Amino acid sequence: MKNAEPEHESMPEPSGRRDDCPALGPAPIPFNEPWEYELHFPRDPRGPAVARTTLKAVLGAHGLGEFTDRAELLASELTTNAVRYSLGPATVRLCWTNPVLRVSVTDTCPLVPVPFASAGPDVERGRGLLILDLLADDWGGCRLGESVFGVGGKSIWFELVLGDGDRPTDGGVGGGRGPSQPGPSALAA
């Protein structure tokens with residue numbers, strides 16, 4: 001009669017390591033490799049603060065602290081407008097393609113903001129796009145068609161270029177200032 005216990009593969013010693021098992025997980029993404037993060041948040045006044053905190057954490061973790069102040073201010077402008085003017089949730093997406101960081105905010109309001117023709121010093125609103133113009137290396141936006149679930153909206157993005165980095169010439173980023181579609185507009189950022 002054979003041994004009643006099933007045969008088992010010998011287990012490695014606790015301090016030992018098998019070659020077919022990863023050590024502690026994947027290695028960090030190299031600085032020059034592209035990455036992307038996305039945060040969805042509800043229409044809630046706390047959403048912009050959560051987005052800023054997430055953005056700071058991501059940039060810090062990837063060694064892109066040089067972008068933090070400008071990215072935080074610009075993302076705050078866009079996420080605040082998303083909460084203020086849309087009736088649904090919003091999304092913040094961070095995309096790194098060395099040397100360009102693109103941050104886009106997508107919401108359910110299809111109206112693409114247009115800058116005020118003349119925003120005087122006493123005007124309380126309408127400076128968001130001016131701030132984008134001044135601080136972003138590039139920015140734009142577009143309307144989004146209705147999806148399968150019936151929700152359309154818009155996406156507004158900005159780009160920041162690291163140091164004296166040259167923009168990629170493959171057409172993958174940038175493309176001009178301001179929203180790419182004139183479409184219906186009624187909001188001033």
# chains A, B, ... in the order shown; residues from 1 in each chain; ligands from 1

call {"tool": "residues_around", "arguments": {"residues": "A:Arg70", "least_positions_apart": "3", "cutoff": "10 Å", "atoms": "only C-alpha atoms", "output": "ChimeraX atom specification"}}
result
/A:66-67,73-76,131-132,135-136,160

call {"tool": "atom_distance", "arguments": {"atom1": "atom CA of A:Cys142", "atom2": "atom CA of A:Leu111"}}
result
9.2 Å

call {"tool": "atom_distance", "arguments": {"atom1": "atom CA of A:Phe41", "atom2": "atom CA of A:Arg102"}}
result
18.6 Å

call {"tool": "atom_distance", "arguments": {"atom1": "atom CA of A:Val100", "atom2": "atom CA of A:Leu162"}}
result
6.3 Å

call {"tool": "residues_around", "arguments": {"residues": "A:Thr53", "least_positions_apart": "6", "cutoff": "12 Å", "atoms": "only C-alpha atoms", "output": "VMD selection string"}}
result
chain A and resid 39 46 to 47 59 to 60 68 to 69 71 to 73 75 to 76 92

call {"tool": "residues_around", "arguments": {"residues": "stretch 151-159 of chain A", "least_positions_apart": "3", "cutoff": "10 Å", "atoms": "only C-alpha atoms", "output": "ChimeraX atom specification"}}
result
/A:71,74-75,78-79,82,86,88,90-96,100-113,132-133,135-148,162,173-174,177-180

call {"tool": "select_by_dssp", "arguments": {"residues": "stretch 26-97 of chain A", "states": "helix (DSSP H, G or I)", "output": "PyMOL selection string"}}
result
chain A and resi 47-61+65-85

call {"tool": "closest_residue", "arguments": {"among": "A:Pro30, A:Arg43, A:Val83, A:Ala51", "to": "A:Gly63", "atoms": "only C-alpha atoms"}}
result
A:Pro30

call {"tool": "decode", "arguments": {"residues": "stretch 74-91 of chain A", "atoms": "C-alpha atoms", "output": "compact mmCIF listing (two decimals), in the first residue's frame"}}
result
# COMPACT_ATOMS: atom_id res chain seq x y z
CA LEU A 74 -4.49 74.79 -12.28
CA ALA A 75 -6.13 71.49 -11.27
CA SER A 76 -7.91 73.32 -8.46
CA GLU A 77 -9.35 75.82 -10.96
CA LEU A 78 -10.59 73.07 -13.28
CA THR A 79 -11.99 70.76 -10.60
CA THR A 80 -13.74 73.63 -8.83
CA ASN A 81 -15.44 74.58 -12.09
CA ALA A 82 -16.41 70.94 -12.65
CA VAL A 83 -18.12 70.83 -9.25
CA ARG A 84 -19.68 74.27 -9.68
CA TYR A 85 -21.08 73.91 -13.21
CA SER A 86 -21.73 70.23 -13.92
CA LEU A 87 -24.56 68.16 -12.49
CA GLY A 88 -22.64 64.92 -12.18
CA PRO A 89 -19.28 63.41 -11.26
CA ALA A 90 -15.91 64.48 -12.62
CA THR A 91 -12.62 62.80 -13.43
